Each structure stands twice: as C-alpha cells, then as structure tokens.
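Text of the file run09.csv, holding CSV, C-alpha atoms and all ligand atoms:
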```csv
chain,number,residue,atom,x,y,z
U,1,MET,CA,159.5,163.1,131.3
U,2,SER,CA,160.3,160.2,133.6
U,3,GLN,CA,161.2,162.7,136.3
U,4,ASN,CA,157.8,164.3,135.7
U,5,LEU,CA,156.1,160.9,136.0
U,6,ASP,CA,158.0,160.2,139.3
U,7,ARG,CA,156.8,163.6,140.5
U,8,LEU,CA,153.3,162.7,139.6
U,9,GLU,CA,153.5,159.3,141.4
U,10,ALA,CA,153.8,161.1,144.7
U,11,LEU,CA,150.4,162.8,144.3
U,12,PRO,CA,147.2,161.1,145.3
U,13,VAL,CA,145.9,161.0,141.7
U,14,ARG,CA,143.0,158.7,140.9
U,15,GLU,CA,144.1,155.1,140.5
U,16,ASN,CA,142.9,154.8,136.9
U,17,LEU,CA,145.0,157.8,135.8
U,18,ARG,CA,148.3,156.3,137.2
U,19,GLY,CA,150.8,155.4,134.5
U,20,MET,CA,148.8,157.2,131.8
U,21,SER,CA,150.3,159.6,129.3
U,22,PRO,CA,148.5,162.8,128.2
U,23,TYR,CA,147.1,163.0,124.7
U,24,GLY,CA,149.3,165.0,122.3
U,25,ALA,CA,150.7,164.7,118.9
U,26,PRO,CA,154.1,166.3,118.6
U,27,GLN,CA,153.8,170.0,117.9
U,28,LEU,CA,157.2,170.2,116.1
U,29,ASP,CA,158.5,173.1,114.2
U,30,VAL,CA,158.7,171.6,110.7
U,31,ALA,CA,158.2,173.0,107.2
U,32,VAL,CA,155.3,170.6,106.3
U,33,ALA,CA,153.1,169.5,109.3
U,34,LEU,CA,150.7,166.8,108.1
U,35,ASN,CA,150.2,165.0,111.4
U,36,THR,CA,147.0,166.3,113.1
U,37,ASN,CA,144.4,166.4,110.4
U,38,GLU,CA,144.0,170.1,110.5
U,39,ASN,CA,142.9,172.0,107.4
U,40,THR,CA,146.2,173.4,106.3
U,41,HIS,CA,144.6,176.2,104.3
U,42,PRO,CA,144.7,179.5,106.1
U,43,VAL,CA,141.4,181.2,107.0
U,44,PRO,CA,140.4,183.4,104.0
U,45,GLN,CA,140.7,187.1,104.6
U,46,PRO,CA,137.0,187.9,104.3
U,47,VAL,CA,136.3,185.4,107.0
U,48,VAL,CA,139.1,186.8,109.2
U,49,ASP,CA,137.5,190.3,108.7
U,50,ALA,CA,134.0,189.0,109.6
U,51,ILE,CA,135.4,187.2,112.7
U,52,SER,CA,137.3,190.3,113.8
U,53,LYS,CA,134.1,192.4,113.5
U,54,ARG,CA,131.9,190.0,115.5
U,55,VAL,CA,134.6,189.4,118.1
U,56,SER,CA,135.1,193.1,118.5
U,57,GLN,CA,131.4,193.7,119.0
U,58,ALA,CA,131.4,190.9,121.6
U,59,ALA,CA,134.5,192.4,123.4
U,60,GLY,CA,132.6,195.4,124.6
U,61,GLN,CA,130.3,193.1,126.6
U,62,LEU,CA,132.8,190.7,128.0
U,63,ASN,CA,132.1,192.1,131.5
U,64,ARG,CA,128.9,190.0,131.3
U,65,TYR,CA,128.6,186.2,131.1
U,66,PRO,CA,127.7,185.0,127.6
U,67,ASP,CA,124.4,183.6,126.4
U,68,ARG,CA,124.3,180.4,128.4
U,69,GLU,CA,122.0,178.8,125.7
U,70,PHE,CA,123.9,180.2,122.7
U,71,THR,CA,120.6,180.2,120.9
U,72,GLU,CA,121.8,182.3,117.9
U,73,LEU,CA,124.6,179.9,117.3
U,74,ARG,CA,122.4,176.8,117.7
U,75,THR,CA,120.0,178.3,115.2
U,76,ALA,CA,122.9,178.9,112.7
U,77,LEU,CA,124.3,175.4,113.2
U,78,ALA,CA,120.8,173.9,112.6
U,79,GLY,CA,120.6,176.0,109.4
U,80,TYR,CA,124.0,174.8,108.2
U,81,LEU,CA,123.2,171.1,108.8
U,82,GLY,CA,119.7,171.2,107.3
U,83,HIS,CA,117.8,167.8,107.5
U,84,GLY,CA,114.9,169.7,109.2
U,85,LEU,CA,116.9,170.2,112.3
U,86,ARG,CA,116.1,173.1,114.7
U,87,ALA,CA,118.0,175.0,117.4
U,88,GLU,CA,116.5,172.6,120.0
U,89,ASN,CA,118.3,169.7,118.3
U,90,LEU,CA,121.7,171.4,118.5
U,91,TRP,CA,124.4,171.6,121.2
U,92,ALA,CA,127.9,173.1,121.0
U,93,ALA,CA,131.0,173.0,123.2
U,94,ASN,CA,134.8,173.7,123.0
U,95,GLY,CA,135.7,171.2,120.3
U,96,SER,CA,134.0,167.9,119.7
U,97,ASN,CA,136.3,166.5,122.4
U,98,GLU,CA,134.4,168.5,125.0
U,99,ILE,CA,131.1,167.3,123.4
U,100,LEU,CA,132.2,163.7,123.7
U,101,GLN,CA,133.3,164.3,127.3
U,102,GLN,CA,129.9,165.8,128.2
U,103,ILE,CA,128.2,162.8,126.6
U,104,LEU,CA,130.3,160.5,128.8
U,105,GLN,CA,129.6,162.6,131.9
U,106,ALA,CA,125.9,162.4,131.3
U,107,PHE,CA,125.5,158.8,130.0
U,108,GLY,CA,128.7,157.1,131.2
U,109,GLY,CA,130.6,157.3,134.5
U,110,PRO,CA,131.5,154.8,137.3
U,111,GLY,CA,129.8,151.5,136.8
U,112,ARG,CA,129.0,152.2,133.1
U,113,SER,CA,130.8,151.4,129.9
U,114,VAL,CA,131.5,152.7,126.4
U,115,LEU,CA,132.2,150.4,123.5
U,116,THR,CA,134.0,151.4,120.3
U,117,PHE,CA,135.8,149.6,117.5
U,118,VAL,CA,139.6,149.9,117.4
U,119,PRO,CA,141.7,151.2,115.9
U,120,THR,CA,139.8,154.4,116.2
U,121,TYR,CA,140.2,157.9,117.6
U,122,SER,CA,142.7,157.7,120.4
U,123,MET,CA,141.0,160.2,122.6
U,124,TYR,CA,138.0,157.8,123.3
U,125,PRO,CA,139.9,155.7,125.9
U,126,LEU,CA,141.3,158.9,127.6
U,127,LEU,CA,137.9,160.5,127.8
U,128,ALA,CA,136.5,157.3,129.2
U,129,SER,CA,139.1,157.1,131.9
U,130,GLY,CA,138.7,160.8,132.7
U,131,THR,CA,135.0,160.2,133.4
U,132,GLY,CA,135.5,156.9,135.1
U,133,THR,CA,133.7,155.0,132.4
U,134,GLU,CA,134.8,151.5,131.5
U,135,PHE,CA,136.3,151.4,128.0
U,136,ILE,CA,135.6,148.3,125.9
U,137,ALA,CA,137.7,147.9,122.7
U,138,GLY,CA,135.6,146.2,120.1
U,139,ARG,CA,137.1,144.4,117.1
U,140,ARG,CA,137.3,145.3,113.4
U,141,ALA,CA,138.1,142.9,110.5
U,142,LYS,CA,141.8,142.5,109.5
U,143,ASP,CA,141.4,145.2,106.9
U,144,PHE,CA,140.0,147.6,109.6
U,145,THR,CA,136.5,147.5,108.1
U,146,LEU,CA,133.4,146.9,110.3
U,147,SER,CA,130.3,145.1,109.2
U,148,ALA,CA,126.8,145.6,110.4
U,149,GLU,CA,126.6,142.0,111.7
U,150,SER,CA,129.9,142.1,113.6
U,151,ALA,CA,129.2,145.5,115.2
U,152,ALA,CA,125.7,144.6,116.3
U,153,GLN,CA,126.9,141.2,117.6
U,154,GLN,CA,129.5,143.0,119.7
U,155,VAL,CA,127.0,145.5,121.0
U,156,ARG,CA,124.8,142.6,122.1
U,157,GLU,CA,127.8,140.7,123.7
U,158,HIS,CA,128.9,143.7,125.8
U,159,ALA,CA,125.7,145.6,126.4
U,160,PRO,CA,127.5,148.9,126.8
U,161,ASN,CA,125.7,152.1,128.0
U,162,ILE,CA,127.3,154.0,125.1
U,163,VAL,CA,128.6,153.1,121.7
U,164,PHE,CA,131.0,155.4,119.8
U,165,LEU,CA,131.1,154.9,116.0
U,166,CYS,CA,133.7,157.1,114.2
U,167,SER,CA,132.7,157.8,110.6
U,168,PRO,CA,134.8,158.5,108.7
U,169,ASN,CA,137.0,156.7,111.1
U,170,ASN,CA,140.2,158.2,112.4
U,171,PRO,CA,142.9,156.9,111.7
U,172,THR,CA,141.8,154.6,108.9
U,173,GLY,CA,139.8,157.2,107.0
U,174,THR,CA,136.9,155.2,105.7
U,175,ALA,CA,133.2,156.1,106.4
U,176,LEU,CA,130.8,153.5,107.8
U,177,GLY,CA,127.7,152.5,105.8
U,178,LEU,CA,124.5,153.6,107.4
U,179,ASP,CA,123.6,149.9,107.6
U,180,VAL,CA,126.2,149.7,110.4
U,181,VAL,CA,124.7,152.6,112.3
U,182,HIS,CA,121.3,151.2,111.8
U,183,ALA,CA,122.2,147.7,113.1
U,184,VAL,CA,124.1,149.2,116.1
U,185,TYR,CA,121.2,151.4,117.0
U,186,GLU,CA,118.8,148.4,116.9
U,187,ALA,CA,121.2,146.3,119.0
U,188,ALA,CA,121.8,149.1,121.5
U,189,ALA,CA,118.0,149.7,121.8
U,190,GLU,CA,117.7,146.4,123.6
U,191,THR,CA,119.7,147.8,126.5
U,192,ASN,CA,118.4,151.4,126.1
U,193,SER,CA,122.0,152.5,125.2
U,194,MET,CA,123.2,155.7,123.5
U,195,VAL,CA,124.8,155.6,120.0
U,196,ILE,CA,127.2,158.4,119.1
U,197,VAL,CA,128.4,158.8,115.5
U,198,ASP,CA,131.5,161.0,115.5
U,199,GLU,CA,131.4,162.7,112.1
U,200,ALA,CA,134.3,165.1,112.6
U,201,TYR,CA,135.4,164.5,109.0
U,202,ALA,CA,132.0,164.2,107.3
U,203,GLU,CA,132.4,167.1,104.9
U,204,PHE,CA,135.3,165.3,103.2
U,205,ALA,CA,133.3,162.1,102.5
U,206,ARG,CA,133.3,160.8,98.9
U,207,PHE,CA,130.3,161.7,96.8
U,208,GLY,CA,127.2,159.7,97.8
U,209,THR,CA,128.3,158.9,101.3
U,210,PRO,CA,125.2,159.6,103.5
U,211,SER,CA,125.5,161.2,106.9
U,212,ALA,CA,123.9,159.6,110.0
U,213,LEU,CA,122.0,162.9,110.3
U,214,THR,CA,119.5,161.2,107.9
U,215,LEU,CA,118.8,158.6,110.7
U,216,LEU,CA,118.1,161.0,113.5
U,217,GLU,CA,114.3,161.3,113.0
U,218,GLY,CA,112.6,158.9,115.4
U,219,ARG,CA,115.8,157.7,117.1
U,220,PRO,CA,116.0,159.5,120.5
U,221,ARG,CA,119.2,157.8,121.6
U,222,LEU,CA,121.2,158.6,118.4
U,223,VAL,CA,123.7,161.5,118.5
U,224,VAL,CA,125.7,162.8,115.6
U,225,THR,CA,128.8,164.9,116.5
U,226,ARG,CA,130.6,167.4,114.2
U,227,THR,CA,133.3,170.0,114.5
U,228,MET,CA,134.5,173.2,112.9
U,229,SER,CA,138.1,172.1,113.4
U,230,LYS,CA,138.4,170.3,110.1
U,231,ALA,CA,136.4,171.4,107.0
U,232,PHE,CA,135.8,174.9,108.5
U,233,ALA,CA,139.6,175.3,109.0
U,234,LEU,CA,138.9,176.6,112.6
U,235,ALA,CA,140.8,174.1,114.8
U,236,GLY,CA,142.1,177.0,116.9
U,237,ALA,CA,138.6,178.3,117.6
U,238,ARG,CA,137.6,175.1,119.5
U,239,LEU,CA,134.0,174.7,118.4
U,240,GLY,CA,132.4,171.3,118.2
U,241,TYR,CA,128.6,170.5,118.2
U,242,PHE,CA,126.1,167.7,118.0
U,243,ALA,CA,122.6,167.1,116.6
U,244,ALA,CA,120.2,164.9,118.5
U,245,ALA,CA,116.7,164.8,120.0
U,246,PRO,CA,116.0,167.8,122.2
U,247,GLU,CA,116.0,165.6,125.3
U,248,VAL,CA,119.7,164.7,124.7
U,249,THR,CA,120.5,168.4,125.1
U,250,ASP,CA,118.5,168.4,128.3
U,251,ALA,CA,120.7,165.7,129.7
U,252,ILE,CA,123.9,167.5,128.7
U,253,ARG,CA,122.7,170.7,130.5
U,254,LEU,CA,122.9,168.7,133.7
U,255,VAL,CA,126.7,168.3,133.3
U,256,ARG,CA,127.9,171.3,131.3
U,257,LEU,CA,129.9,174.0,133.2
U,258,PRO,CA,128.0,177.2,133.5
U,259,TYR,CA,128.7,179.5,130.5
U,260,HIS,CA,131.0,176.9,129.0
U,261,LEU,CA,131.0,178.5,125.5
U,262,SER,CA,132.6,181.9,125.7
U,263,ALA,CA,131.2,185.0,124.0
U,264,VAL,CA,134.3,185.0,121.8
U,265,SER,CA,133.8,181.4,120.7
U,266,GLN,CA,130.2,182.1,119.9
U,267,ALA,CA,131.0,185.2,117.9
U,268,THR,CA,133.8,183.4,116.0
U,269,ALA,CA,131.6,180.5,115.1
U,270,LEU,CA,128.7,182.7,114.0
U,271,ALA,CA,130.9,184.7,111.7
U,272,ALA,CA,132.3,181.5,110.3
U,273,LEU,CA,128.9,180.1,109.7
U,274,GLU,CA,127.8,183.2,107.9
U,275,HIS,CA,130.7,182.6,105.5
U,276,HIS,CA,130.5,178.8,105.4
U,277,ASP,CA,130.5,178.8,101.6
U,278,VAL,CA,133.9,180.6,101.5
U,279,LEU,CA,135.4,178.4,104.2
U,280,LEU,CA,134.1,175.2,102.7
U,281,ALA,CA,135.6,176.1,99.3
U,282,THR,CA,138.9,174.5,100.5
U,283,VAL,CA,137.1,171.1,101.0
U,284,GLU,CA,137.0,170.2,97.3
U,285,ASP,CA,140.7,171.1,96.9
U,286,ILE,CA,141.6,169.0,99.9
U,287,LYS,CA,139.6,166.0,98.6
U,288,MET,CA,141.5,166.4,95.3
U,289,GLN,CA,144.9,166.3,97.2
U,290,ARG,CA,143.6,163.3,99.2
U,291,ASP,CA,142.7,161.4,96.1
U,292,ARG,CA,146.1,162.3,94.6
U,293,ILE,CA,147.8,160.9,97.7
U,294,VAL,CA,145.8,157.6,97.5
U,295,ASP,CA,146.6,157.2,93.7
U,296,ASP,CA,150.3,158.1,94.1
U,297,LEU,CA,150.9,155.9,97.1
U,298,LYS,CA,149.3,153.0,95.2
U,299,ARG,CA,151.5,153.7,92.2
U,300,LEU,CA,154.5,153.7,94.6
U,301,GLY,CA,153.6,150.3,95.9
U,302,PHE,CA,152.0,151.2,99.2
U,303,GLU,CA,148.5,150.2,100.4
U,304,PRO,CA,146.4,153.2,101.2
U,305,ALA,CA,142.9,152.7,102.7
U,306,GLU,CA,139.9,154.3,100.9
U,307,SER,CA,139.5,157.7,102.4
U,308,ASP,CA,136.4,159.8,103.2
U,309,SER,CA,138.4,162.2,105.2
U,310,ASN,CA,141.2,164.8,104.9
U,311,PHE,CA,143.9,162.2,105.6
U,312,VAL,CA,145.1,158.9,104.2
U,313,PHE,CA,146.0,155.8,106.2
U,314,PHE,CA,148.5,153.6,104.4
U,315,GLY,CA,150.5,150.4,104.9
U,316,GLY,CA,153.0,148.5,102.9
U,317,MET,CA,156.3,149.8,104.5
U,318,GLU,CA,158.6,147.5,106.4
U,319,ASP,CA,159.2,149.7,109.4
U,320,ALA,CA,156.7,152.5,109.9
U,321,HIS,CA,158.8,154.3,112.5
U,322,ARG,CA,161.8,154.3,110.2
U,323,MET,CA,159.8,155.8,107.4
U,324,TRP,CA,158.2,158.4,109.7
U,325,GLN,CA,161.7,159.5,110.9
U,326,ASN,CA,163.0,159.6,107.3
U,327,LEU,CA,160.1,161.8,106.2
U,328,LEU,CA,160.7,164.0,109.3
U,329,ASP,CA,164.4,164.4,108.4
U,330,GLN,CA,163.2,165.7,105.1
U,331,GLY,CA,160.9,168.3,106.8
U,332,VAL,CA,157.6,166.4,106.5
U,333,LEU,CA,155.8,165.4,109.7
U,334,VAL,CA,153.2,162.7,109.4
U,335,ARG,CA,151.6,160.6,112.1
U,336,ASP,CA,152.8,157.3,113.4
U,337,VAL,CA,149.5,156.1,114.9
U,338,GLY,CA,151.1,153.1,116.6
U,339,ILE,CA,149.7,150.5,114.2
U,340,PRO,CA,152.6,148.3,113.0
U,341,GLY,CA,153.4,148.8,109.3
U,342,HIS,CA,151.1,151.9,108.9
U,343,LEU,CA,151.3,155.6,108.9
U,344,ARG,CA,148.7,158.4,108.5
U,345,VAL,CA,149.2,161.6,106.5
U,346,THR,CA,146.9,164.7,106.3
U,347,ALA,CA,146.1,166.0,102.9
U,348,GLY,CA,147.5,169.5,102.7
U,349,THR,CA,147.7,172.2,100.2
U,350,ASP,CA,148.9,171.3,96.7
U,351,ASP,CA,152.5,172.3,97.7
U,352,GLU,CA,152.5,170.4,100.9
U,353,THR,CA,151.1,167.3,99.2
U,354,THR,CA,153.8,167.5,96.6
U,355,ALA,CA,156.4,167.9,99.4
U,356,PHE,CA,155.1,164.7,101.0
U,357,LEU,CA,155.0,162.7,97.8
U,358,THR,CA,158.5,163.8,96.9
U,359,ALA,CA,159.7,162.9,100.3
U,360,VAL,CA,158.1,159.4,99.9
U,361,GLU,CA,159.9,158.9,96.6
U,362,ASN,CA,163.2,160.0,98.2
U,363,TYR,CA,162.6,157.5,101.0
U,364,LEU,CA,162.1,154.7,98.5
U,365,HIS,CA,165.2,155.5,96.6
U,366,HIS,CA,167.2,155.3,99.8
U,367,GLU,CA,165.6,152.1,101.2
U,401,LIG,N1,136.8,163.2,116.6
U,401,LIG,C1,137.7,162.8,115.8
U,401,LIG,C2,137.5,161.5,115.0
U,401,LIG,C3,138.9,163.5,115.6
U,401,LIG,O1,139.9,163.1,114.8
U,401,LIG,C4,139.1,164.7,116.4
U,401,LIG,C5,140.3,165.6,116.3
U,401,LIG,N2,141.4,165.0,115.8
U,401,LIG,C6,138.0,165.1,117.2
U,401,LIG,C7,136.9,164.3,117.3
U,401,LIG,C8,138.1,166.3,118.1
U,401,LIG,O2,138.2,167.5,117.4
U,401,LIG,P1,137.9,168.9,118.0
U,401,LIG,O3,137.9,168.7,119.5
U,401,LIG,O4,138.9,169.8,117.5
U,401,LIG,O5,136.5,169.2,117.5
```

Could you express the structure from this file as structure tokens?
Ligand code: PMP
Amino acid sequence: MSQNLDRLEALPVRENLRGMSPYGAPQLDVAVALNTNENTHPVPQPVVDAISKRVSQAAGQLNRYPDREFTELRTALAGYLGHGLRAENLWAANGSNEILQQILQAFGGPGRSVLTFVPTYSMYPLLASGTGTEFIAGRRAKDFTLSAESAAQQVREHAPNIVFLCSPNNPTGTALGLDVVHAVYEAAAETNSMVIVDEAYAEFARFGTPSALTLLEGRPRLVVTRTMSKAFALAGARLGYFAAAPEVTDAIRLVRLPYHLSAVSQATALAALEHHDVLLATVEDIKMQRDRIVDDLKRLGFEPAESDSNFVFFGGMEDAHRMWQNLLDQGVLVRDVGIPGHLRVTAGTDDETTAFLTAVENYLHHE
C-alpha cells in the first residue's frame, strides 16, 4: 500500500486528493459479514425471475442508448414513495452515492461548502473533496444526538451552500426528528442553501418515525435521497434516487453524464419495484433481529444506541479494535468505524445474528 502511495505521489493529482485513502470497507472472505449494512437476505426467487425477464428483454436493445430520462422508472419510484409525488419529482442514479455526488456537482464545487454533523456517513467528506467542495464538520452532542437548536445555530454560523442530514444516521443508527429538518431548512433558507436528507435506511425506522418526504411540499430546496441498496436487498444493482421539486432535477440534468443509468439498471429496478412487497418482506425480520441485538447487547452490559436502521452502533467495550479482531477471529466481521470505544454491526438473518451474539458472549468470557 505504501508503495502504491509513493507511486501515486509522483503523479500530478489534485492537491486536495494528496494523502487521501480510497473509501472501502474490507471485503474479507468470512462466514458472517455484518460490516457494510447490506441486506443479508438473498433476493427472493420470484424477484430473480422477474429481473431476469426484464433484463433479457432489455438485452436485445443494448445496441441503443437507454432512455435518458428513465421516465418509466421515475414513475414507478414516485408510485412507491407516494406522498403525492410524480415522475417529475424523482431522479435516479447509480447508487445514492452518485446522487450525492451529482448534488455536490450542481450545488457545491470550488468556493462552496457543505455542512454535515459528525460522526456521520464517511463518504460525505470524500464526495466533497472529489467535487472540490469545502467540507465543514458540524458537531453533535456527546451522545451523538442532534437538536433542532444546535443544528440551526451551526447552519447560521457557517452559512454553507449545502447541508447533509443523515436520517437514520450512519453510523449511529438513530433517525432525526422532523423538527431538526424543519429548523435546518428555515436556517438554510436565509442563505438560499440546499438541504439534503439522506434516508438510505428509512424503511427500517421504528414505527411512527416520519420521513422528510412529508416536508417536501412547498420547500423547493429540500431533497430526500433514498436507495435500493438496503431495504430492497439490491446493493449490487446500484440504484439510488431522490425526491424533490422538479427544478432540482433540472439542475442535476446539467451535471449528469449522458445516459448515466444503463438499460440493465433501469430494467432491474423496474422489476424490483413491481415486486416491492416481496422484497420488503425481509424488512420486518431485519427490524426484529436489530431489536434483538439492541436488547441482548444491553443485557450483556454494552451501550447500544437506539436504532432506526438495519444496524446497531454500540459502545461499552474497553478497546474497540481488540473486540473487532476477536469477533473476526471467530468468523464474524463487524465495522470498526474509527470512533473510540464503539463498533457497528449490521442486523443479519436470524442465524447470522445468533452467530454475532454468541461471538460477543465468547469474547466476554475471554476478556
Ligand atoms: N447513504 C448512507 C447513509 C449510506 O450508509 C450509504 C451506503 N452505505 C449510502 C448513502 C450509499 O449507498 P448506495 O450508493 O449503495 O445507494
């Protein structure tokens, strides 16, 4: 790796990329991989069949560029989200990472800034530097919560061009109250700034947790991003999307690459949406495993955060890296998110969750 970095040093890469490391959780070959918040349930066979059929129909026309406007897909996504949204409110790209990058390309860039509240999704600073946008790390309370007053005050203090709110937040797992989104939007309105609510994990939220989709009406600078990588169990398909006022999609059209969403991606996502009820059936099971992890970790003396997502962030161990290594030695890969005294684990299937909890008990016995 250091040899690779030396090799890179010799190239005239942009100054702000020097010394940086690429994003990437370890893709290790372990029995139980609970480190990247994927949906660990396989895609159900009826959905595999439907995807194969749609993709095979698309394959015969791959000599042509795909529908640049992916209108059929945007209509289907609007139908899935509800809230009176229409195709003109929807946009999609190759994962919500590309969505966030396109937003930064359109509304950020050199001389502009993005504010978010750390710890949060680790791609935000990388996407910021990749687009030459100044990254401002806002603060959370000691317990990682974020109040409406504090968030709005920090927006006023920094006057960023863009605010990223991650709800439910990765890596801490908890959703924000809509009062926070509301207060941030009001504060951001003073500087005509964009507010992006990253709801990658929204489908896993606890009962009664409202989505920021309910705030879109009448707020032209609010954007709610979603993905099919988590609840839909389609991380490999790379399909993210957002809902916003139609003029936001007009802005994104100025920066998107021509035909950025392949015909194969469109066909896959359409088939998945037609079967969203089958796909989303795993969500209730995952929420159950998630709650089981929270309860058991508490019982074992750890401090898990309240989770509205398909993962649990927990503290209470002496040395997070030692525990991470111990679990890995037992064949269970979780995520060391670099926050001292904390780890993050994805809720898996019943068996995977049992394997994780057993490994934690074994770790305690040997501590
Ligand atoms: N937002 C958050 C908060 C995430 O955790 C992730 C993936 N880990 C993403 C966005 C990006 O996901 P994708 O590109 O697969 O849609």

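Proximity of U:Thr249, U:Asn63, U:Thr209, U:Gln102 to Leu127 (chain U), computed with all atoms listed in the file, is greatest for U:Gln102.
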
Environment of ligand LIG 401 (chain U) within 10 Å, counting all atoms listed in the file, reported as a VMD selection string: chain U and resid 25 35 to 38 93 to 100 120 to 124 165 to 171 173 197 to 202 225 to 230 234 to 241 309

Residue among U:Leu364, U:Ala128, U:Val163, U:Ala269 lying closest to Leu222 (chain U), counting all atoms listed in the file: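 Closest residue, counting all atoms listed in the file: U:Val163.
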
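Selecting by distance to (125.3, 157.7, 119.2) with a limit of 10 Å and using all atoms listed in the file, one obtains U:Ile103, U:Ile162, U:Val163, U:Phe164, U:Leu165, U:Cys166, U:Val181, U:Val184, U:Tyr185, U:Ala188, U:Ser193, U:Met194, U:Val195, U:Ile196, U:Val197, U:Asp198, U:Ala212, U:Leu216, U:Arg219, U:Pro220, U:Arg221, U:Leu222, U:Val223, U:Val224, U:Thr225, U:Ala244.
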
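Within 10 Å of Gly84 (chain U), once only C-alpha atoms are used and residues closer than 2 positions along the same chain are dropped, the contacting residues are U:Ala78, U:Gly79, U:Leu81, U:Gly82, U:Arg86, U:Asn89, U:Leu213, U:Thr214, U:Glu217.
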
Shell around Lys142 (chain U) at 12 Å using all atoms listed in the file, local window under 3 positions removed, as a PyMOL selection string: chain U and resi 118-119+139+145-147

Counting all atoms listed in the file, the option among U:His158, U:Ala175, U:Leu327, U:Ala271 closest to Phe144 (chain U): U:Ala175

12 Å contact set for Glu69 (chain U), all atoms listed in the file, chain neighbours under 3 positions out, as a list in words: Tyr65, Pro66, Glu72, Leu73, Arg74, Thr75, Ala87, Glu88, Leu90, Trp91, Ala92, Ala93, Thr249, Asp250, Ile252, Arg253, Arg256, Leu257, Pro258, Tyr259, His260, Leu261, Ser262, Ala263 and Gln266 of chain U

From U:Asn161, U:Ser211, U:Asn192, U:Thr133, residue lying nearest Asp179 (chain U) [all atoms listed in the file]: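 Counting all atoms listed in the file, the residue closest to Asp179 (chain U) is U:Ser211.
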
Using all atoms listed in the file: which of U:Ala148, U:Ala58, U:Leu17, U:Val48 has the shortest distance to Val264 (chain U): U:Ala58

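Those DNA, RNA and protein residues that approach the point (151.7, 162.3, 112.0) to within 7 Å, considering all atoms listed in the file, are Leu34, Asn35, Thr36, Leu333, Val334, Arg335, Asp336, Arg344 and Val345 of chain U.
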
One-decimal distance in Å that lies between CA of Asp285 (chain U) and CA of Asn326 (chain U): 27.2 Å

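The space separating CA of Leu254 (chain U) from CA of Glu134 (chain U) comes to 21.0 Å.
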
Counting all atoms listed in the file, the option among U:Asn362, U:Asn16, U:Gln45, U:Ser129 closest to Gln330 (chain U):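 Looking only at the distances to Gln330 (chain U), the closest residue turns out to be U:Asn362.
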
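Our summary of the geometry notes that CA of Leu280 (chain U) is positioned 16.5 Å from CA of Phe311 (chain U).
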